[in-house]
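A.B. asks: Sharing input_15.pdb (PDB, C-alpha atoms, pLDDT in the B column) below.
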ATOM      1  CA  MET A  57     -46.917 116.197 106.294  1.00 90.00           C
ATOM      2  CA  ILE A  58     -49.705 114.619 104.244  1.00 96.00           C
ATOM      3  CA  THR A  59     -48.181 112.989 101.186  1.00 96.00           C
ATOM      4  CA  ILE A  60     -49.323 111.388  97.969  1.00 96.00           C
ATOM      5  CA  GLN A  61     -46.776 109.132  96.359  1.00 94.00           C
ATOM      6  CA  SER A  62     -47.445 106.757  93.499  1.00 93.00           C
ATOM      7  CA  GLY A  63     -51.174 107.241  94.116  1.00 94.00           C
ATOM      8  CA  LYS A  64     -50.998 106.394  97.832  1.00 96.00           C
ATOM      9  CA  LEU A  65     -52.507 108.945 100.238  1.00 96.00           C
ATOM     10  CA  SER A  66     -50.767 108.925 103.630  1.00 96.00           C
ATOM     11  CA  ILE A  67     -52.110 110.999 106.529  1.00 96.00           C
ATOM     12  CA  PRO A  68     -49.894 111.025 109.668  1.00 95.00           C
ATOM     13  CA  GLU A  69     -51.616 110.664 113.044  1.00 94.00           C
ATOM     14  CA  ASP A  70     -50.875 114.262 114.025  1.00 92.00           C
ATOM     15  CA  GLU A  71     -52.616 115.486 110.844  1.00 94.00           C
ATOM     16  CA  ARG A  72     -55.871 113.546 111.173  1.00 94.00           C
ATOM     17  CA  PHE A  73     -57.800 115.983 113.380  1.00 93.00           C
ATOM     18  CA  ILE A  74     -59.335 118.722 111.201  1.00 92.00           C
ATOM     19  CA  GLY A  75     -61.519 120.581 113.724  1.00 88.00           C
ATOM     20  CA  PHE A  76     -64.826 120.479 115.530  1.00 86.00           C
ATOM     21  CA  ALA A  77     -68.239 120.456 113.903  1.00 81.00           C
ATOM     22  CA  GLY A  78     -69.178 124.085 113.334  1.00 75.00           C
ATOM     23  CA  ASP A  79     -65.606 125.407 113.102  1.00 79.00           C
ATOM     24  CA  ASN A  80     -64.911 127.810 110.260  1.00 76.00           C
ATOM     25  CA  THR A  81     -61.576 128.374 108.504  1.00 67.00           C
ATOM     26  CA  VAL A  82     -59.387 127.732 111.517  1.00 69.00           C
ATOM     27  CA  VAL A  83     -57.393 124.854 110.036  1.00 85.00           C
ATOM     28  CA  THR A  84     -55.445 124.544 106.805  1.00 92.00           C
ATOM     29  CA  LYS A  85     -54.162 121.215 105.552  1.00 95.00           C
ATOM     30  CA  GLU A  86     -51.540 120.718 102.865  1.00 96.00           C
ATOM     31  CA  PHE A  87     -51.073 117.678 100.636  1.00 97.00           C
ATOM     32  CA  HIS A  88     -47.735 117.110  98.934  1.00 96.00           C
ATOM     33  CA  ILE A  89     -47.792 115.083  95.720  1.00 96.00           C
ATOM     34  CA  LEU A  90     -44.300 113.763  95.162  1.00 95.00           C
ATOM     35  CA  ARG A  91     -42.838 113.682  91.654  1.00 92.00           C
ATOM     36  CA  ARG A  92     -45.815 114.807  89.611  1.00 93.00           C
ATOM     37  CA  VAL A  93     -45.427 117.241  86.737  1.00 89.00           C
ATOM     38  CA  VAL A  94     -48.744 117.316  84.893  1.00 91.00           C
ATOM     39  CA  PRO A  95     -49.678 120.852  83.731  1.00 88.00           C
ATOM     40  CA  SER A  96     -53.277 122.148  83.854  1.00 90.00           C
ATOM     41  CA  SER A  97     -54.349 119.557  86.401  1.00 95.00           C
ATOM     42  CA  GLU A  98     -57.279 120.010  88.789  1.00 96.00           C
ATOM     43  CA  TYR A  99     -57.443 118.432  92.232  1.00 97.00           C
ATOM     44  CA  THR A 100     -60.529 117.600  94.274  1.00 97.00           C
ATOM     45  CA  LEU A 101     -60.764 116.253  97.808  1.00 97.00           C
ATOM     46  CA  CYS A 102     -63.602 113.729  98.169  1.00 96.00           C
ATOM     47  CA  LEU A 103     -64.978 113.238 101.693  1.00 95.00           C
ATOM     48  CA  ARG A 104     -67.376 110.581 102.944  1.00 94.00           C
ATOM     49  CA  PHE A 105     -68.839 111.043 106.438  1.00 90.00           C
ATOM     50  CA  ASP A 106     -70.060 108.429 108.905  1.00 85.00           C
ATOM     51  CA  ASP A 107     -73.688 109.196 108.050  1.00 83.00           C
ATOM     52  CA  GLY A 108     -73.077 108.392 104.378  1.00 86.00           C
ATOM     53  CA  ASN A 109     -72.976 111.985 103.124  1.00 88.00           C
ATOM     54  CA  VAL A 110     -70.370 112.755 100.481  1.00 92.00           C
ATOM     55  CA  LYS A 111     -68.780 116.151  99.866  1.00 93.00           C
ATOM     56  CA  THR A 112     -66.235 117.277  97.279  1.00 95.00           C
ATOM     57  CA  VAL A 113     -63.859 120.189  97.905  1.00 95.00           C
ATOM     58  CA  PRO A 114     -61.665 121.848  95.212  1.00 96.00           C
ATOM     59  CA  LEU A 115     -58.032 122.090  96.293  1.00 97.00           C
ATOM     60  CA  ARG A 116     -55.704 124.956  95.405  1.00 95.00           C
ATOM     61  CA  SER A 117     -52.528 123.694  93.747  1.00 96.00           C
ATOM     62  CA  ALA A 118     -49.029 125.039  93.205  1.00 95.00           C
ATOM     63  CA  GLN A 119     -46.069 123.436  91.420  1.00 94.00           C
ATOM     64  CA  PHE A 120     -42.763 123.240  93.300  1.00 91.00           C
ATOM     65  CA  GLY A 121     -40.150 121.673  91.069  1.00 91.00           C
ATOM     66  CA  SER A 122     -41.171 118.086  90.539  1.00 93.00           C
ATOM     67  CA  ASP A 123     -43.747 118.168  93.354  1.00 95.00           C
ATOM     68  CA  VAL A 124     -47.217 119.646  93.724  1.00 96.00           C
ATOM     69  CA  ARG A 125     -48.552 121.251  96.889  1.00 96.00           C
ATOM     70  CA  LEU A 126     -52.319 121.150  97.463  1.00 97.00           C
ATOM     71  CA  THR A 127     -53.973 123.456 100.009  1.00 96.00           C
ATOM     72  CA  TRP A 128     -57.265 122.809 101.782  1.00 95.00           C
ATOM     73  CA  GLU A 129     -58.670 125.722 103.774  1.00 93.00           C
ATOM     74  CA  ILE A 130     -61.271 123.998 105.916  1.00 93.00           C
ATOM     75  CA  GLU A 131     -64.642 125.776 106.130  1.00 89.00           C
ATOM     76  CA  ARG A 132     -67.755 125.126 108.199  1.00 85.00           C
ATOM     77  CA  ASP A 133     -69.522 123.214 105.402  1.00 86.00           C
ATOM     78  CA  ASP A 134     -66.537 120.888 105.086  1.00 89.00           C
ATOM     79  CA  LEU A 135     -67.145 119.630 108.633  1.00 85.00           C
ATOM     80  CA  ALA A 136     -70.611 118.274 107.878  1.00 75.00           C
ATOM     81  CA  SER A 137     -70.743 115.816 110.793  1.00 82.00           C
ATOM     82  CA  THR A 138     -68.598 114.401 113.556  1.00 85.00           C
ATOM     83  CA  GLY A 139     -66.598 111.200 113.598  1.00 88.00           C
ATOM     84  CA  ILE A 140     -64.394 109.521 111.001  1.00 92.00           C
ATOM     85  CA  VAL A 141     -64.234 111.140 107.563  1.00 94.00           C
ATOM     86  CA  THR A 142     -62.905 108.991 104.728  1.00 95.00           C
ATOM     87  CA  ALA A 143     -60.759 111.030 102.339  1.00 96.00           C
ATOM     88  CA  GLN A 144     -59.565 110.509  98.772  1.00 97.00           C
ATOM     89  CA  VAL A 145     -57.979 112.900  96.282  1.00 97.00           C
ATOM     90  CA  LYS A 146     -59.180 113.019  92.685  1.00 97.00           C
ATOM     91  CA  MET A 147     -56.664 114.231  90.092  1.00 96.00           C
ATOM     92  CA  THR A 148     -57.825 115.335  86.630  1.00 96.00           C
ATOM     93  CA  ASP A 149     -55.344 116.372  83.954  1.00 94.00           C
ATOM     94  CA  GLY A 150     -55.894 118.841  81.120  1.00 91.00           C
ATOM     95  CA  ASN A 151     -57.158 116.063  78.813  1.00 92.00           C
ATOM     96  CA  GLY A 152     -59.851 114.963  81.254  1.00 93.00           C
ATOM     97  CA  ASN A 153     -58.023 111.858  82.413  1.00 95.00           C
ATOM     98  CA  VAL A 154     -58.924 111.003  86.014  1.00 95.00           C
ATOM     99  CA  GLN A 155     -56.823 109.333  88.675  1.00 95.00           C
ATOM    100  CA  HIS A 156     -57.762 108.686  92.319  1.00 96.00           C
ATOM    101  CA  THR A 157     -55.469 108.180  95.266  1.00 96.00           C
ATOM    102  CA  THR A 158     -55.980 105.468  97.849  1.00 97.00           C
ATOM    103  CA  LYS A 159     -58.246 106.264 100.810  1.00 96.00           C
ATOM    104  CA  ASP A 160     -57.288 107.461 104.281  1.00 96.00           C
ATOM    105  CA  TYR A 161     -59.241 109.262 106.976  1.00 96.00           C
ATOM    106  CA  PHE A 162     -59.573 112.446 109.039  1.00 95.00           C
ATOM    107  CA  LEU A 163     -61.322 113.040 112.382  1.00 93.00           C
ATOM    108  CA  VAL A 164     -63.979 115.657 113.247  1.00 90.00           C
ATOM    109  CA  GLY A 165     -64.668 116.388 116.920  1.00 85.00           C
ATOM    110  CA  THR A 166     -67.917 117.279 118.701  1.00 78.00           C
ATOM    111  CA  SER A 167     -68.446 120.784 120.114  1.00 69.00           C
ATOM    112  CA  VAL A 168     -70.190 121.112 123.480  1.00 62.00           C
ATOM    113  CA  GLU A 169     -72.762 123.634 122.229  1.00 54.00           C
ATOM    114  CA  LEU A 170     -73.347 121.985 118.838  1.00 52.00           C
ATOM    115  CA  ASP A 171     -74.983 118.754 117.728  1.00 52.00           C
ATOM    116  CA  ASP A 172     -73.369 116.112 115.519  1.00 51.00           C
ATOM    117  CA  GLU A 173     -74.259 118.070 112.370  1.00 51.00           C
ATOM    118  CA  GLY A 174     -72.660 121.279 113.619  1.00 49.00           C
ATOM    119  CA  ARG A 175     -75.964 123.008 114.394  1.00 55.00           C
ATOM    120  CA  GLU A 176     -76.238 125.052 117.572  1.00 53.00           C
ATOM    121  CA  ILE A 177     -78.153 123.261 120.308  1.00 49.00           C
ATOM    122  CA  GLU A 178     -81.109 125.286 121.532  1.00 51.00           C
ATOM    123  CA  HIS A 179     -80.848 126.240 125.184  1.00 50.00           C
ATOM    124  CA  ILE A 180     -84.045 126.813 127.164  1.00 52.00           C
ATOM    125  CA  ASN A 181     -84.516 127.998 130.729  1.00 56.00           C
ATOM    126  CA  ARG A 182     -87.351 127.141 133.134  1.00 61.00           C
ATOM    127  CA  SER A 183     -89.480 130.214 132.343  1.00 68.00           C
ATOM    128  CA  GLN A 184     -89.177 129.522 128.611  1.00 62.00           C
ATOM    129  CA  LEU A 185     -90.204 125.906 129.176  1.00 59.00           C
ATOM    130  CA  GLU A 186     -93.184 126.965 131.300  1.00 67.00           C
ATOM    131  CA  GLU A 187     -94.277 129.367 128.558  1.00 71.00           C
ATOM    132  CA  SER A 188     -93.927 126.590 125.983  1.00 68.00           C
ATOM    133  CA  ILE A 189     -96.033 124.313 128.179  1.00 67.00           C
ATOM    134  CA  LYS A 190     -98.695 127.002 128.517  1.00 71.00           C
ATOM    135  CA  GLU A 191     -98.813 127.497 124.748  1.00 74.00           C
ATOM    136  CA  ALA A 192     -98.967 123.714 124.182  1.00 70.00           C
ATOM    137  CA  VAL A 193    -101.882 123.312 126.624  1.00 68.00           C
ATOM    138  CA  GLU A 194    -103.736 126.261 125.086  1.00 71.00           C
ATOM    139  CA  GLY A 195    -103.216 124.731 121.649  1.00 70.00           C
ATOM    140  CA  ILE A 196    -104.585 121.395 122.832  1.00 67.00           C
ATOM    141  CA  GLU A 197    -107.584 123.009 124.469  1.00 66.00           C
ATOM    142  CA  ALA A 198    -108.302 125.095 121.360  1.00 70.00           C
ATOM    143  CA  LYS A 199    -108.613 121.925 119.304  1.00 72.00           C
ATOM    144  CA  SER A 200    -110.605 119.851 121.778  1.00 74.00           C
ATOM    145  CA  SER A 201    -114.008 118.546 120.704  1.00 74.00           C
ATOM    146  CA  TYR A 202    -116.963 120.469 122.101  1.00 74.00           C
ATOM    147  CA  LEU A 203    -120.732 120.329 122.289  1.00 77.00           C
ATOM    148  CA  GLY A 204    -122.292 123.134 120.246  1.00 79.00           C
ATOM    149  CA  ASP A 205    -125.293 125.260 121.144  1.00 80.00           C
ATOM    150  CA  ASP A 206    -127.291 123.271 118.603  1.00 81.00           C
ATOM    151  CA  GLY A 207    -126.727 120.113 120.644  1.00 79.00           C
ATOM    152  CA  TYR A 208    -124.273 118.473 118.188  1.00 82.00           C
ATOM    153  CA  TRP A 209    -120.635 117.508 118.773  1.00 80.00           C
ATOM    154  CA  TYR A 210    -117.975 119.463 116.867  1.00 82.00           C
ATOM    155  CA  VAL A 211    -114.606 117.810 116.145  1.00 81.00           C
ATOM    156  CA  PHE A 212    -111.382 119.427 114.926  1.00 79.00           C
ATOM    157  CA  ASP A 213    -110.221 118.397 111.442  1.00 79.00           C
ATOM    158  CA  LYS A 214    -106.400 118.477 111.304  1.00 75.00           C
ATOM    159  CA  ASP A 215    -106.276 118.450 107.507  1.00 78.00           C
ATOM    160  CA  ASN A 216    -108.514 121.487 107.099  1.00 80.00           C
ATOM    161  CA  GLU A 217    -107.508 123.179 110.371  1.00 80.00           C
ATOM    162  CA  ALA A 218    -111.157 123.756 111.285  1.00 83.00           C
ATOM    163  CA  PHE A 219    -113.984 122.256 113.324  1.00 85.00           C
ATOM    164  CA  PHE A 220    -116.720 120.288 111.615  1.00 81.00           C
ATOM    165  CA  LYS A 221    -120.154 119.328 112.819  1.00 82.00           C
ATOM    166  CA  THR A 222    -120.690 115.613 113.437  1.00 81.00           C
ATOM    167  CA  GLY A 223    -123.962 113.777 113.222  1.00 74.00           C
ATOM    168  CA  TYR A 224    -123.881 112.975 116.919  1.00 71.00           C
ATOM    169  CA  ARG A 225    -126.038 114.782 119.440  1.00 68.00           C
ATOM    170  CA  GLY A 226    -125.096 115.284 123.059  1.00 62.00           C
ATOM    171  CA  ARG A 227    -126.959 115.347 126.331  1.00 52.00           C
ATOM    172  CA  LEU A 228    -128.492 111.917 125.671  1.00 47.00           C
ATOM    173  CA  SER A 229    -128.107 109.124 128.202  1.00 47.00           C
ATOM    174  CA  VAL A 230    -126.278 106.005 127.103  1.00 47.00           C
ATOM    175  CA  ASP A 231    -128.244 102.900 128.035  1.00 48.00           C
ATOM    176  CA  SER A 232    -126.404  99.936 129.472  1.00 50.00           C
ATOM    177  CA  GLN A 233    -128.706  97.654 127.530  1.00 51.00           C
ATOM    178  CA  MET A 234    -129.209  98.142 123.813  1.00 50.00           C
ATOM    179  CA  ASP A 235    -132.758  97.304 122.763  1.00 52.00           C
ATOM    180  CA  GLU A 236    -135.678  98.876 120.951  1.00 50.00           C
ATOM    181  CA  HIS A 237    -136.153 101.310 123.847  1.00 52.00           C
ATOM    182  CA  SER A 238    -132.548 102.594 123.931  1.00 51.00           C
ATOM    183  CA  LEU A 239    -131.940 106.300 123.210  1.00 49.00           C
ATOM    184  CA  ASN A 240    -129.523 106.374 120.278  1.00 48.00           C
ATOM    185  CA  PRO A 241    -127.089 104.028 122.079  1.00 48.00           C
ATOM    186  CA  VAL A 242    -124.729 103.449 119.125  1.00 49.00           C
ATOM    187  CA  SER A 243    -124.158 107.123 118.341  1.00 48.00           C
ATOM    188  CA  ASN A 244    -123.736 108.126 121.971  1.00 51.00           C
ATOM    189  CA  SER A 245    -121.382 105.226 122.662  1.00 55.00           C
ATOM    190  CA  THR A 246    -119.256 106.338 119.704  1.00 53.00           C
ATOM    191  CA  VAL A 247    -119.110 109.934 120.916  1.00 53.00           C
ATOM    192  CA  THR A 248    -118.354 108.885 124.480  1.00 56.00           C
ATOM    193  CA  ALA A 249    -115.480 106.665 123.337  1.00 60.00           C
ATOM    194  CA  TYR A 250    -114.092 109.395 121.068  1.00 58.00           C
ATOM    195  CA  VAL A 251    -114.209 112.104 123.721  1.00 58.00           C
ATOM    196  CA  SER A 252    -112.682 109.786 126.320  1.00 63.00           C
ATOM    197  CA  GLU A 253    -109.845 109.028 123.927  1.00 66.00           C
ATOM    198  CA  GLN A 254    -109.211 112.740 123.321  1.00 61.00           C
ATOM    199  CA  ILE A 255    -109.179 113.500 127.048  1.00 63.00           C
ATOM    200  CA  ALA A 256    -106.773 110.614 127.706  1.00 68.00           C
ATOM    201  CA  GLY A 257    -104.445 111.916 125.007  1.00 66.00           C
ATOM    202  CA  ILE A 258    -104.467 115.436 126.441  1.00 63.00           C
ATOM    203  CA  ARG A 259    -103.748 114.123 129.927  1.00 67.00           C
ATOM    204  CA  GLN A 260    -100.839 112.087 128.593  1.00 72.00           C
ATOM    205  CA  GLU A 261     -99.331 115.095 126.826  1.00 67.00           C
ATOM    206  CA  ILE A 262     -99.668 117.256 129.935  1.00 66.00           C
ATOM    207  CA  GLY A 263     -98.118 114.472 132.010  1.00 70.00           C
ATOM    208  CA  ASP A 264     -95.119 114.287 129.650  1.00 70.00           C
ATOM    209  CA  ILE A 265     -94.671 118.051 129.851  1.00 65.00           C
ATOM    210  CA  GLU A 266     -94.833 118.028 133.662  1.00 65.00           C
ATOM    211  CA  THR A 267     -92.222 115.251 133.726  1.00 69.00           C
ATOM    212  CA  ALA A 268     -89.903 117.328 131.540  1.00 62.00           C
ATOM    213  CA  LEU A 269     -90.456 120.357 133.759  1.00 60.00           C
ATOM    214  CA  ALA A 270     -89.643 118.377 136.923  1.00 64.00           C
ATOM    215  CA  ALA A 271     -86.364 117.205 135.392  1.00 61.00           C
ATOM    216  CA  ILE A 272     -85.027 120.774 135.135  1.00 57.00           C
TER     217      ILE A 272
END
Using the file provided, produce a representation of the structure as C-alpha cells.
C.D. replies:
Amino acid sequence: MITIQSGKLSIPEDERFIGFAGDNTVVTKEFHILRRVVPSSEYTLCLRFDDGNVKTVPLRSAQFGSDVRLTWEIERDDLASTGIVTAQVKMTDGNGNVQHTTKDYFLVGTSVELDDEGREIEHINRSQLEESIKEAVEGIEAKSSYLGDDGYWYVFDKDNEAFFKTGYRGRLSVDSQMDEHSLNPVSNSTVTAYVSEQIAGIRQEIGDIETALAAI
C-alpha cells in the first residue's frame, strides 16, 4: 500500500512498477493519506521522467473516516518514457494553500515492439527495404547535376527545389597548365571538382544502403 503520512510519500517495492511504455489503463495505483480531514481538497500527482519531462496527473479522491484514498488510473500518456519516474503528490486545499509530499519513485519498463517513448518501432522486410533503396537512388539521380543541351551545367537548388543554370560550360578540356592559352581552366576546374564531389556523395549513400541491405 502506498501511503502518505505527515507529508512523507512511501512507495513499497512491490508497488513501484507501473507498466510498460505504451500500456493503457491496465494498472491502477492507490495512495492512502493517513489522518487528513481537509474538505474540498484537490490532489495532483507530479511525475518527472529520466529525460527531464514533467507531467502532472489529477488524482481522484475519496474520504474514509480520517483518511483519504487517492486513485490513479494509469493511461498511455502517463507512461511517457521508460526508466525511473520521480513522483510527488501536490495537495491543495479549498483556500488555495499548497502542500507537497516528499519524493519517491516508480519504474516504467520497455516493451519489445516499442521504443523508449512508447512509440511503435517500424518493422521493415527485405522487399520493403529494396523498394526504399530504389526510391532513394531514383531521388538522388533526379537531383544530380547535368549538362544541358545549351552546353551549360545545371545544378539542383535544395532551397527552391529546382535546377538552375550555372555560368559554367561543359565539353571544354581542362589544361594541366594554366596560362594565357588555357581554355577557361578556372571554370572547368570548378565544375569538375563539384561534379566529382556529387558523384562521390552518391556512391557513399549507395554504399551505406548496400551495407544495410547485406545486414538483413
A.B. asks: Tell me, as a ChimeraX atom specification, which residues lie within 10 Å of A:Asp107, counting all atoms listed in the file; anything in the same chain fewer than 5 positions away does not count.
C.D. replies: /A:136-141,173
A.B. asks: Select, from A:Gln144, A:Thr222, A:Thr100, A:Thr112, the residue with the minimum atom-to-atom distance to A:Tyr202, counting only C-alpha atoms.
C.D. replies: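 Using only C-alpha atoms, the shortest distance to A:Tyr202 belongs to A:Thr222.
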A.B. asks: Let me make sure I understand: among A:Thr148, A:Gln119, A:Gln61, A:Ser66, which one has the smallest atom-to-atom distance to A:Glu98 if we use all atoms listed in the file?
C.D. replies: A:Thr148
A.B. asks: Fewer than 6 positions away in the same chain doesn't count, so skip those; otherwise give me all residues within 7 Å of stretch 206-212 of chain A, counting only C-alpha atoms, as an MDAnalysis selection string.
C.D. replies: chainID A and resid 199:200 218:226
A.B. asks: Can you translate the PyMOL selection byres ((chain A and resi 83-97) around 6) into the concrete residues it hits in this file, as JSON, numbers by chain?
C.D. replies: {"A": [58, 59, 60, 61, 81, 82, 98, 122, 123, 124, 125, 126, 127, 128, 129, 130, 148, 149, 150]}
A.B. asks: What lies within 8 Å of A:Pro68 using all atoms listed in the file, ignoring chain neighbours under 3 positions off, as a list in words?
C.D. replies: Met57, Ile58, Glu71 and Arg72 of chain A
A.B. asks: For a test of reading the model, state the distance in Å between atom CA of A:Ala118 and atom CA of A:Ala77, rounded to one decimal.
C.D. replies: 28.6 Å
A.B. asks: Point out the residue among A:Glu69, A:Glu187, A:Ala198, A:Asp134 with the least atom-to-atom distance to A:Asn109, counting all atoms listed in the file.
C.D. replies: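 Checking each candidate against A:Asn109, we get A:Asp134 as the closest.
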A.B. asks: Can you work out the spacing between atom CA of A:Thr142 and atom CA of A:Ser117 in Å, to one decimal?
C.D. replies: 21.1 Å
A.B. asks: Would you compute the distance between atom CA of A:Lys214 and atom CA of A:Glu191? Give it in Å to one decimal.
C.D. replies: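 Separation of atom CA of A:Lys214 and atom CA of A:Glu191: 17.9 Å.
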A.B. asks: From the options A:Gly63, A:Gly121, A:Gly108, A:Gly195, which residue's atoms come nearest to A:Val154, counting all atoms listed in the file?
C.D. replies: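 Checking each candidate against A:Val154, we get A:Gly63 as the closest.
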A.B. asks: Find, counting all atoms listed in the file, the residue in A:Asp79, A:Val164, A:Lys146, A:Tyr99 that gets nearest to A:Arg116.
C.D. replies: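 Nearest candidate to A:Arg116 out of A:Asp79, A:Val164, A:Lys146, A:Tyr99: A:Tyr99.
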A.B. asks: Could the centre and edge lengths of an axis-aligned box, enclosing all atoms of stretch 142-159 of chain A in the file with 4 Å extra on each side, be given in Å to one decimal as JSON?
C.D. replies:
{"center_x": -59.1, "center_y": 112.2, "center_z": 91.8, "size_x": 15.6, "size_y": 21.4, "size_z": 33.9}
A.B. asks: Nearest to A:Asp70 among A:Leu103, A:Val110, A:Leu163, A:Leu115, with distances taken over all atoms listed in the file: which residue is it?
C.D. replies: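 Using all atoms listed in the file, A:Asp70 sits closest to A:Leu163.
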A.B. asks: With the input short on atoms, add all heavy atoms back to stretch 87-95 of chain A and write it as a compact mmCIF listing (two decimals), keeping the file's coordinate frame.
C.D. replies:
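Contents of out35.txt, as written:
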# COMPACT_ATOMS: atom_id res chain seq x y z
N PHE A 87 -51.39 118.99 101.20
CA PHE A 87 -51.07 117.68 100.64
C PHE A 87 -49.89 117.86 99.69
O PHE A 87 -49.90 118.76 98.84
CB PHE A 87 -52.25 117.12 99.85
CG PHE A 87 -53.53 116.97 100.64
CD1 PHE A 87 -54.30 118.08 100.98
CD2 PHE A 87 -53.97 115.72 101.04
CE1 PHE A 87 -55.48 117.95 101.69
CE2 PHE A 87 -55.16 115.58 101.76
CZ PHE A 87 -55.91 116.70 102.08
N HIS A 88 -48.90 117.02 99.81
CA HIS A 88 -47.74 117.11 98.93
C HIS A 88 -47.71 115.89 98.01
O HIS A 88 -47.58 114.75 98.46
CB HIS A 88 -46.44 117.18 99.76
CG HIS A 88 -46.32 118.44 100.55
ND1 HIS A 88 -45.57 119.52 100.14
CD2 HIS A 88 -46.87 118.80 101.74
CE1 HIS A 88 -45.65 120.49 101.04
NE2 HIS A 88 -46.44 120.08 102.02
N ILE A 89 -47.88 116.16 96.71
CA ILE A 89 -47.79 115.08 95.72
C ILE A 89 -46.35 115.02 95.24
O ILE A 89 -45.82 115.98 94.66
CB ILE A 89 -48.73 115.34 94.53
CG1 ILE A 89 -50.16 115.60 95.00
CG2 ILE A 89 -48.70 114.15 93.57
CD1 ILE A 89 -51.13 115.90 93.88
N LEU A 90 -45.71 113.91 95.50
CA LEU A 90 -44.30 113.76 95.16
C LEU A 90 -44.12 113.30 93.72
O LEU A 90 -44.81 112.40 93.25
CB LEU A 90 -43.64 112.76 96.12
CG LEU A 90 -43.82 113.05 97.62
CD1 LEU A 90 -43.12 111.99 98.45
CD2 LEU A 90 -43.31 114.44 97.97
N ARG A 91 -43.24 114.01 93.03
CA ARG A 91 -42.84 113.68 91.65
C ARG A 91 -44.05 113.59 90.71
O ARG A 91 -44.33 112.55 90.14
CB ARG A 91 -42.02 112.38 91.63
CG ARG A 91 -40.67 112.54 92.32
CD ARG A 91 -39.85 111.27 92.21
NE ARG A 91 -40.42 110.18 93.00
CZ ARG A 91 -40.24 110.05 94.31
NH1 ARG A 91 -39.53 110.95 94.97
NH2 ARG A 91 -40.75 109.03 94.96
N ARG A 92 -44.71 114.73 90.57
CA ARG A 92 -45.82 114.81 89.61
C ARG A 92 -45.70 116.13 88.86
O ARG A 92 -45.83 117.22 89.46
CB ARG A 92 -47.18 114.71 90.30
CG ARG A 92 -48.36 114.89 89.34
CD ARG A 92 -49.70 114.78 90.05
NE ARG A 92 -50.84 115.15 89.21
CZ ARG A 92 -51.46 114.32 88.37
NH1 ARG A 92 -51.03 113.06 88.24
NH2 ARG A 92 -52.48 114.74 87.64
N VAL A 93 -45.48 116.05 87.58
CA VAL A 93 -45.43 117.24 86.74
C VAL A 93 -46.44 117.03 85.61
O VAL A 93 -46.13 116.48 84.55
CB VAL A 93 -44.02 117.47 86.16
CG1 VAL A 93 -44.00 118.76 85.34
CG2 VAL A 93 -42.98 117.56 87.28
N VAL A 94 -47.66 117.46 85.86
CA VAL A 94 -48.74 117.32 84.89
C VAL A 94 -49.46 118.67 84.81
O VAL A 94 -50.30 118.98 85.66
CB VAL A 94 -49.74 116.22 85.28
CG1 VAL A 94 -50.82 116.07 84.21
CG2 VAL A 94 -49.03 114.90 85.52
N PRO A 95 -49.11 119.50 83.83
CA PRO A 95 -49.68 120.85 83.73
C PRO A 95 -51.21 120.82 83.58
O PRO A 95 -51.79 119.85 83.11
CB PRO A 95 -49.02 121.42 82.47
CG PRO A 95 -47.77 120.61 82.29
CD PRO A 95 -48.14 119.23 82.75
